[in-house]
Amino acid sequence: MKRRILLLLILITALPLGAQTIDDRVDALLARMTLEEKIGQLLQFTPGREDLRERVAKTGIGCVFGMGTAADINEMQRIAVEKSRLKIPILFAHDVIHGNRTIFPIPLGIAATWDPPSAELSARIAAREASASGIRWTFSPMVDIARDPRWGRVAEGAGEDPVLGAAMAAAYVRGYQGKDISSPDSILACAKHFAAYGAAEAGRDYNTTDMSEKTLRGIYLPPFKSAVDAGVWTLMTAFNALNGVPATANRHLLVDILRNEWGFRGFVDSDYEAIDEMRNHGTAGTPEEAAIQAITAGVDMDMVDAVYDTLANAVKEGRLPESVIDTSARRILRAKFALGLFERPYGDERREKAEHLAPAHLDAARRIAQKSLVLLKNESSLLPLSKKIGTLALIGPLADSREDMLGSWRAHGKAEEAVSFLEGVRATAGAQTKIVVSDGAAIDDAVAKARTADVVLLVLGEKGDESGEANSRAFLDLPGNQQQLLEAVVATGKPVALIVMAGRPFTITWAAEKVPAILWTWFAGTQGGHAIADVVFGDVNPSGKLPITFPRSVGQIPIYYNHLPTGRPEDLTQRYTSRYIDSPNDPLYPFGHGLSYTTFEYTDLKASSGMQAVTVSANVRNSGKVAGEEVVQLYINDPVASTSRPVRELKGFRRVALAPGETKRVEFTIGRADLAFWHEGGWKFEPGMFRVWVGGLEGKFELK
Ligand code: BGC
């Protein structure tokens, strides 16, 4: 007892008198700041801006983004910390989207792992690498639900499903922010783009969005809510208008939902020049009007366009209360204190050297890439290839590309540090295998090489920088002359495995019919070539599943698995039903699809009934000859409700590893919150009977 009291005394005396909380420190600092200094904290620039250094020294600046090395960052930081009056450090940010120097698969590829721990690990590693350079904020994760593969930015998100999207969103936030945001290797995450950006009409980037509150709440917002619940420190607004109101001044989103309903306490960033763009949306006449609208809606930081400069006059002339500026400056300063930036403003060159491309990071990049690959088709088990093949032809524009392996937003990843598919094959194929290569530019040459081979690996798709922002497509055929190349190579009669690198689905209907094996690899990152070769030669069994529906044609879009029923379901024998006269309704490959080199069998589905929650369980058995991982997916349907409910909704998923012959029982708990839907202004759970599917099995349960 005495010892405990002594310990307590020591502890109390060790605390500095009047120890300050972060909020105390923010208040004390804010009280010393001029209006211009406060506005300085709301501004965010890239290093290219001419007067940047001058501004940093004069008023201080909230954030600079787009810088690379600790040396450069520290040089800029020194101006803030040594030359500016209040020595407020700059928060350095970067688009660290799927890795910093070690590049992981694009987020859509990571989503195809259906493995949140993989997302979390990739983000943790990215945070370690970025923070070493002094980058303490990333503009990631992008959590926009996307149901339209014409939109290039489907590459940056987790696909079409809110439950998978929400799980991935939380995993990224945990990974970036770590257990303690003040730890030197933690960085602020940013859930973007708030909100409904992924629903851009016609899949055209930046286009407008119009949707019901039910779709917004039920489909597009859950990943944002999940990020907020996981403690995300920042959000970024979207470029689009939602139901006529630009997201960047949308009080319904930013005030009613984000702050009031969800209790978000971090800060909100605009997207690139999005505040000034409200003049183009036609909802603001002048930059000042746009700035006032944005800041009063709760957009704390202004990315790049510096329209928040106009706020100084607006305050001085009485058009905006200074308290609004204070609120935003306070939120940004809170984040800087929480990060420990005032104590440790600099990047660490030694740590940077040790962290960037550390062997453990490369190893994780390879393992995660392996899990992200989706085997769409594998007729007569063409894959995996034997390592004893005599001659192998590698054909196609992407067969030996390091650059494209990195996809869009490669942060500080370098092409010369990536492994192309050809390099991966060379490292993995048997020593006696002869490899012939053609980039496919000349179809004759490709055909001649294919003729000499026992097996052809045809590597097609889009270039890495043709996915992501501002890469909308009106057509989803294989680009350029690739369809001709494909048909010419297949016409040789040689066995062809098609490997597609892409940031989105393509309408590969011809290939799906004529090519025996198709492996979808997304953009697999720094170690992509090794990971793809690991799967092609069977060292690793593929286990990725589609996070987005593959349409047969552009005309089917929007096409997504969790659509509502109609009064006239498709019936091919009936004309007046909901169908096309020239195409089936169903997709080429559905959401959740992905094959393995082994087979999995599901048996014994059991669903309990209950009051608050039910359990659903099933056996899954590896019924083939090789070890493999299966993503067990649970879907439900609410057949009768007060509003029409989707034909199927994913409510749970689990990745399980199974040795040949091994069986595991997988159990899910489904509660009321999982089954609630937005209806007439609130979340509503309606008791009753639900249908449930796990694997190919169907059952039902009652939740009262
Ligand atoms: C994109 C954002 C990105 C920002 C900064 C914008 O054009 O929409 O996702 O974070 O640029 O690079």
# chains A, B, ... in the order shown; residues from 1 in each chain; ligands from 1

$ closest_atom_pairs --of "chain A" --to "ligand 1" --cutoff "8 Å" --atoms "only C-alpha atoms and all ligand atoms" --output "CSV"
residue,atom,partner,partner_atom_place_in_ligand_line,distance
A:Phe65,CA,ligand 1,5 (C),7.8
A:Gly66,CA,ligand 1,12 (O),7.5
A:His94,CA,ligand 1,12 (O),7.3
A:Asp95,CA,ligand 1,10 (O),5.6
A:Phe139,CA,ligand 1,10 (O),4.9
A:Ser140,CA,ligand 1,10 (O),7.4
A:Met142,CA,ligand 1,9 (O),7.3
A:Lys192,CA,ligand 1,9 (O),7.0
A:His193,CA,ligand 1,9 (O),7.0
A:Met236,CA,ligand 1,10 (O),7.9
A:Ala238,CA,ligand 1,8 (O),7.4
A:Phe239,CA,ligand 1,8 (O),7.3
A:Asp271,CA,ligand 1,6 (C),5.6
A:Tyr272,CA,ligand 1,6 (C),4.9
A:Met303,CA,ligand 1,5 (C),8.0
A:Glu469,CA,ligand 1,8 (O),6.7

$ write_last_selection --atoms "N, CA, C and O atoms" --output "mmCIF file, in the first residue's frame"
data_model
loop_
_atom_site.group_PDB
_atom_site.id
_atom_site.type_symbol
_atom_site.label_atom_id
_atom_site.label_comp_id
_atom_site.auth_asym_id
_atom_site.auth_seq_id
_atom_site.Cartn_x
_atom_site.Cartn_y
_atom_site.Cartn_z
ATOM 1 N N PHE A 65 2.100 20.045 -50.248
ATOM 2 C CA PHE A 65 2.056 18.649 -50.669
ATOM 3 C C PHE A 65 2.744 18.460 -52.012
ATOM 4 O O PHE A 65 2.841 19.384 -52.811
ATOM 5 N N GLY A 66 3.231 17.234 -52.187
ATOM 6 C CA GLY A 66 3.858 16.890 -53.451
ATOM 7 C C GLY A 66 5.376 16.968 -53.402
ATOM 8 O O GLY A 66 6.022 17.089 -54.438
ATOM 9 N N HIS A 94 1.135 14.148 -49.100
ATOM 10 C CA HIS A 94 1.429 13.574 -50.408
ATOM 11 C C HIS A 94 0.322 12.593 -50.779
ATOM 12 O O HIS A 94 -0.329 12.049 -49.904
ATOM 13 N N ASP A 95 0.178 12.380 -52.072
ATOM 14 C CA ASP A 95 -0.745 11.334 -52.514
ATOM 15 C C ASP A 95 -0.047 9.981 -52.403
ATOM 16 O O ASP A 95 0.424 9.421 -53.394
ATOM 17 N N PHE A 139 -3.327 11.659 -48.793
ATOM 18 C CA PHE A 139 -4.680 11.837 -49.332
ATOM 19 C C PHE A 139 -5.251 10.471 -49.700
ATOM 20 O O PHE A 139 -5.551 10.174 -50.856
ATOM 21 N N SER A 140 -5.373 9.636 -48.727
ATOM 22 C CA SER A 140 -5.836 8.266 -48.932
ATOM 23 C C SER A 140 -6.438 7.806 -47.606
ATOM 24 O O SER A 140 -6.006 8.268 -46.555
ATOM 25 N N MET A 142 -9.049 6.545 -50.799
ATOM 26 C CA MET A 142 -10.201 6.935 -51.585
ATOM 27 C C MET A 142 -11.262 5.879 -51.338
ATOM 28 O O MET A 142 -11.036 4.704 -51.618
ATOM 29 N N LYS A 192 -11.572 10.205 -48.872
ATOM 30 C CA LYS A 192 -11.997 11.077 -49.966
ATOM 31 C C LYS A 192 -12.800 10.262 -50.964
ATOM 32 O O LYS A 192 -12.702 9.037 -50.963
ATOM 33 N N HIS A 193 -13.595 10.873 -51.811
ATOM 34 C CA HIS A 193 -13.895 12.290 -51.955
ATOM 35 C C HIS A 193 -15.341 12.423 -51.516
ATOM 36 O O HIS A 193 -16.220 11.821 -52.143
ATOM 37 N N MET A 236 -11.581 14.710 -47.518
ATOM 38 C CA MET A 236 -11.463 15.620 -48.664
ATOM 39 C C MET A 236 -12.812 15.670 -49.358
ATOM 40 O O MET A 236 -13.466 14.642 -49.512
ATOM 41 N N ALA A 238 -15.445 16.329 -52.590
ATOM 42 C CA ALA A 238 -15.451 15.831 -53.964
ATOM 43 C C ALA A 238 -15.631 16.993 -54.941
ATOM 44 O O ALA A 238 -16.126 18.050 -54.578
ATOM 45 N N PHE A 239 -15.230 16.754 -56.169
ATOM 46 C CA PHE A 239 -15.362 17.781 -57.212
ATOM 47 C C PHE A 239 -16.808 17.995 -57.656
ATOM 48 O O PHE A 239 -17.166 19.051 -58.147
ATOM 49 N N ASP A 271 -10.882 19.544 -52.494
ATOM 50 C CA ASP A 271 -10.039 18.934 -53.514
ATOM 51 C C ASP A 271 -9.393 20.062 -54.328
ATOM 52 O O ASP A 271 -9.660 21.247 -54.114
ATOM 53 N N TYR A 272 -8.552 19.667 -55.238
ATOM 54 C CA TYR A 272 -7.685 20.569 -55.999
ATOM 55 C C TYR A 272 -8.483 21.668 -56.721
ATOM 56 O O TYR A 272 -9.203 21.388 -57.687
ATOM 57 N N MET A 303 -7.323 23.701 -51.015
ATOM 58 C CA MET A 303 -6.235 23.109 -51.784
ATOM 59 C C MET A 303 -5.899 23.951 -53.008
ATOM 60 O O MET A 303 -6.678 24.050 -53.943
ATOM 61 N N GLU A 469 -7.347 9.243 -62.162
ATOM 62 C CA GLU A 469 -8.056 10.496 -62.429
ATOM 63 C C GLU A 469 -7.993 10.906 -63.902
ATOM 64 O O GLU A 469 -6.968 10.734 -64.560
#

$ residues_around --residues "Phe550 (chain A)" --least-positions-apart "5" --cutoff "8 Å" --atoms "only C-alpha atoms" --output "PyMOL selection string"
chain A and resi 505-507+587-591

$ residues_around --residues "Arg101 (chain A)" --least-positions-apart "5" --cutoff "12 Å" --atoms "only C-alpha atoms" --output "PyMOL selection string"
chain A and resi 68-69+94-96+122-123+125-133+352-358+361-362+365+406+409-418+525-527

$ closest_atom_pairs --of "region 69-125 of chain A" --to "region 366-375 of chain A" --cutoff "12 Å" --atoms "only C-alpha atoms" --output "tab-separated table"
residue	atom	partner	partner_atom	distance
A:His98	CA	A:Ile368	CA	11.4
A:Gly99	CA	A:Ile368	CA	11.9
A:Thr102	CA	A:Arg366	CA	10.2
A:Ile103	CA	A:Arg366	CA	9.8
A:Phe104	CA	A:Ala369	CA	6.9
A:Pro105	CA	A:Ala369	CA	5.8
A:Ile106	CA	A:Ala369	CA	9.3
A:Pro107	CA	A:Ser372	CA	9.7
A:Leu108	CA	A:Ser372	CA	8.7
A:Gly109	CA	A:Ser372	CA	5.2
A:Ile110	CA	A:Ser372	CA	5.7
A:Ala111	CA	A:Ser372	CA	7.4
A:Ala112	CA	A:Ser372	CA	5.1
A:Thr113	CA	A:Ser372	CA	4.5
A:Trp114	CA	A:Ser372	CA	8.2
A:Asp115	CA	A:Lys371	CA	8.5
A:Pro116	CA	A:Ile368	CA	10.7
A:Pro117	CA	A:Ile368	CA	9.7
A:Ser118	CA	A:Ile368	CA	6.1
A:Ala119	CA	A:Ile368	CA	8.4
A:Glu120	CA	A:Ile368	CA	10.8
A:Leu121	CA	A:Ile368	CA	9.0
A:Ser122	CA	A:Ile368	CA	8.0
A:Ala123	CA	A:Ile368	CA	11.7

$ closest_atom_pairs --of "region 305-397 of chain A" --to "region 432-436 of chain A" --cutoff "10 Å" --atoms "only C-alpha atoms" --output "CSV"
residue,atom,partner,partner_atom,distance
A:Ser386,CA,A:Thr433,CA,9.8
A:Lys387,CA,A:Thr433,CA,7.3
A:Lys388,CA,A:Thr433,CA,6.4
A:Ile389,CA,A:Thr433,CA,5.6
A:Gly390,CA,A:Thr433,CA,4.9
A:Thr391,CA,A:Lys434,CA,4.6
A:Leu392,CA,A:Ile435,CA,4.9
A:Ala393,CA,A:Val436,CA,4.7
A:Leu394,CA,A:Val436,CA,6.2
A:Ile395,CA,A:Val436,CA,8.3

$ closest_atom_pairs --of "region 122-228 of chain A" --to "region 671-691 of chain A" --cutoff "9 Å" --atoms "only C-alpha atoms" --output "JSON lines"
{"residue": "A:Glu213", "atom": "CA", "partner": "A:Trp678", "partner_atom": "CA", "distance": 7.9}
{"residue": "A:Lys214", "atom": "CA", "partner": "A:Trp678", "partner_atom": "CA", "distance": 5.4}
{"residue": "A:Thr215", "atom": "CA", "partner": "A:Trp678", "partner_atom": "CA", "distance": 8.3}
{"residue": "A:Arg217", "atom": "CA", "partner": "A:Trp678", "partner_atom": "CA", "distance": 6.5}
{"residue": "A:Gly218", "atom": "CA", "partner": "A:Trp678", "partner_atom": "CA", "distance": 6.3}

$ write_last_selection --atoms "all heavy atoms" --output "PDB file, in the first residue's frame"
ATOM      1  N   GLU A 213     -31.547  10.048 -51.241  1.00  0.00           N
ATOM      2  CA  GLU A 213     -30.925   9.982 -49.916  1.00  0.00           C
ATOM      3  C   GLU A 213     -30.703   8.513 -49.528  1.00  0.00           C
ATOM      4  O   GLU A 213     -29.718   8.169 -48.885  1.00  0.00           O
ATOM      5  CB  GLU A 213     -31.836  10.683 -48.902  1.00  0.00           C
ATOM      6  CG  GLU A 213     -31.235  10.897 -47.529  1.00  0.00           C
ATOM      7  CD  GLU A 213     -30.145  11.978 -47.489  1.00  0.00           C
ATOM      8  OE1 GLU A 213     -29.944  12.700 -48.494  1.00  0.00           O
ATOM      9  OE2 GLU A 213     -29.471  12.082 -46.447  1.00  0.00           O
ATOM     10  N   LYS A 214     -31.606   7.656 -49.968  1.00  0.00           N
ATOM     11  CA  LYS A 214     -31.486   6.241 -49.624  1.00  0.00           C
ATOM     12  C   LYS A 214     -30.236   5.621 -50.248  1.00  0.00           C
ATOM     13  O   LYS A 214     -29.501   4.879 -49.599  1.00  0.00           O
ATOM     14  CB  LYS A 214     -32.727   5.490 -50.126  1.00  0.00           C
ATOM     15  CG  LYS A 214     -32.702   4.048 -49.706  1.00  0.00           C
ATOM     16  CD  LYS A 214     -33.785   3.225 -50.364  1.00  0.00           C
ATOM     17  CE  LYS A 214     -35.071   3.985 -50.453  1.00  0.00           C
ATOM     18  NZ  LYS A 214     -36.238   3.210 -50.185  1.00  0.00           N
ATOM     19  N   THR A 215     -29.981   5.948 -51.514  1.00  0.00           N
ATOM     20  CA  THR A 215     -28.791   5.411 -52.180  1.00  0.00           C
ATOM     21  C   THR A 215     -27.530   6.039 -51.584  1.00  0.00           C
ATOM     22  O   THR A 215     -26.517   5.369 -51.375  1.00  0.00           O
ATOM     23  CB  THR A 215     -28.883   5.681 -53.696  1.00  0.00           C
ATOM     24  OG1 THR A 215     -30.064   5.051 -54.163  1.00  0.00           O
ATOM     25  CG2 THR A 215     -27.699   5.121 -54.436  1.00  0.00           C
ATOM     26  N   ARG A 217     -27.078   7.174 -48.528  1.00  0.00           N
ATOM     27  CA  ARG A 217     -26.834   6.615 -47.187  1.00  0.00           C
ATOM     28  C   ARG A 217     -26.483   5.135 -47.236  1.00  0.00           C
ATOM     29  O   ARG A 217     -25.651   4.660 -46.485  1.00  0.00           O
ATOM     30  CB  ARG A 217     -28.089   6.775 -46.321  1.00  0.00           C
ATOM     31  CG  ARG A 217     -28.567   8.187 -46.129  1.00  0.00           C
ATOM     32  CD  ARG A 217     -27.742   8.870 -45.090  1.00  0.00           C
ATOM     33  NE  ARG A 217     -28.326  10.141 -44.706  1.00  0.00           N
ATOM     34  CZ  ARG A 217     -28.091  10.716 -43.527  1.00  0.00           C
ATOM     35  NH1 ARG A 217     -27.296  10.157 -42.643  1.00  0.00           N
ATOM     36  NH2 ARG A 217     -28.639  11.864 -43.243  1.00  0.00           N
ATOM     37  N   GLY A 218     -27.182   4.426 -48.099  1.00  0.00           N
ATOM     38  CA  GLY A 218     -27.042   2.973 -48.089  1.00  0.00           C
ATOM     39  C   GLY A 218     -25.840   2.470 -48.873  1.00  0.00           C
ATOM     40  O   GLY A 218     -25.271   1.435 -48.540  1.00  0.00           O
TER      41      GLY A 218
END

$ atom_distance --atom1 "CA of Lys58 (chain A)" --atom2 "CA of Met76 (chain A)"
13.3 Å

$ residues_around --residues "region 566-572 of chain A" --least-positions-apart "2" --cutoff "12 Å" --atoms "only C-alpha atoms" --output "NGL selection string"
:A and (563-564 or 574-586 or 644-647)

$ residues_around --residues "region 600-607 of chain A" --least-positions-apart "4" --cutoff "10 Å" --atoms "only C-alpha atoms" --output "number ranges by chain"
A: 595-596, 614-624, 628-630, 632, 658, 660-669, 691-702
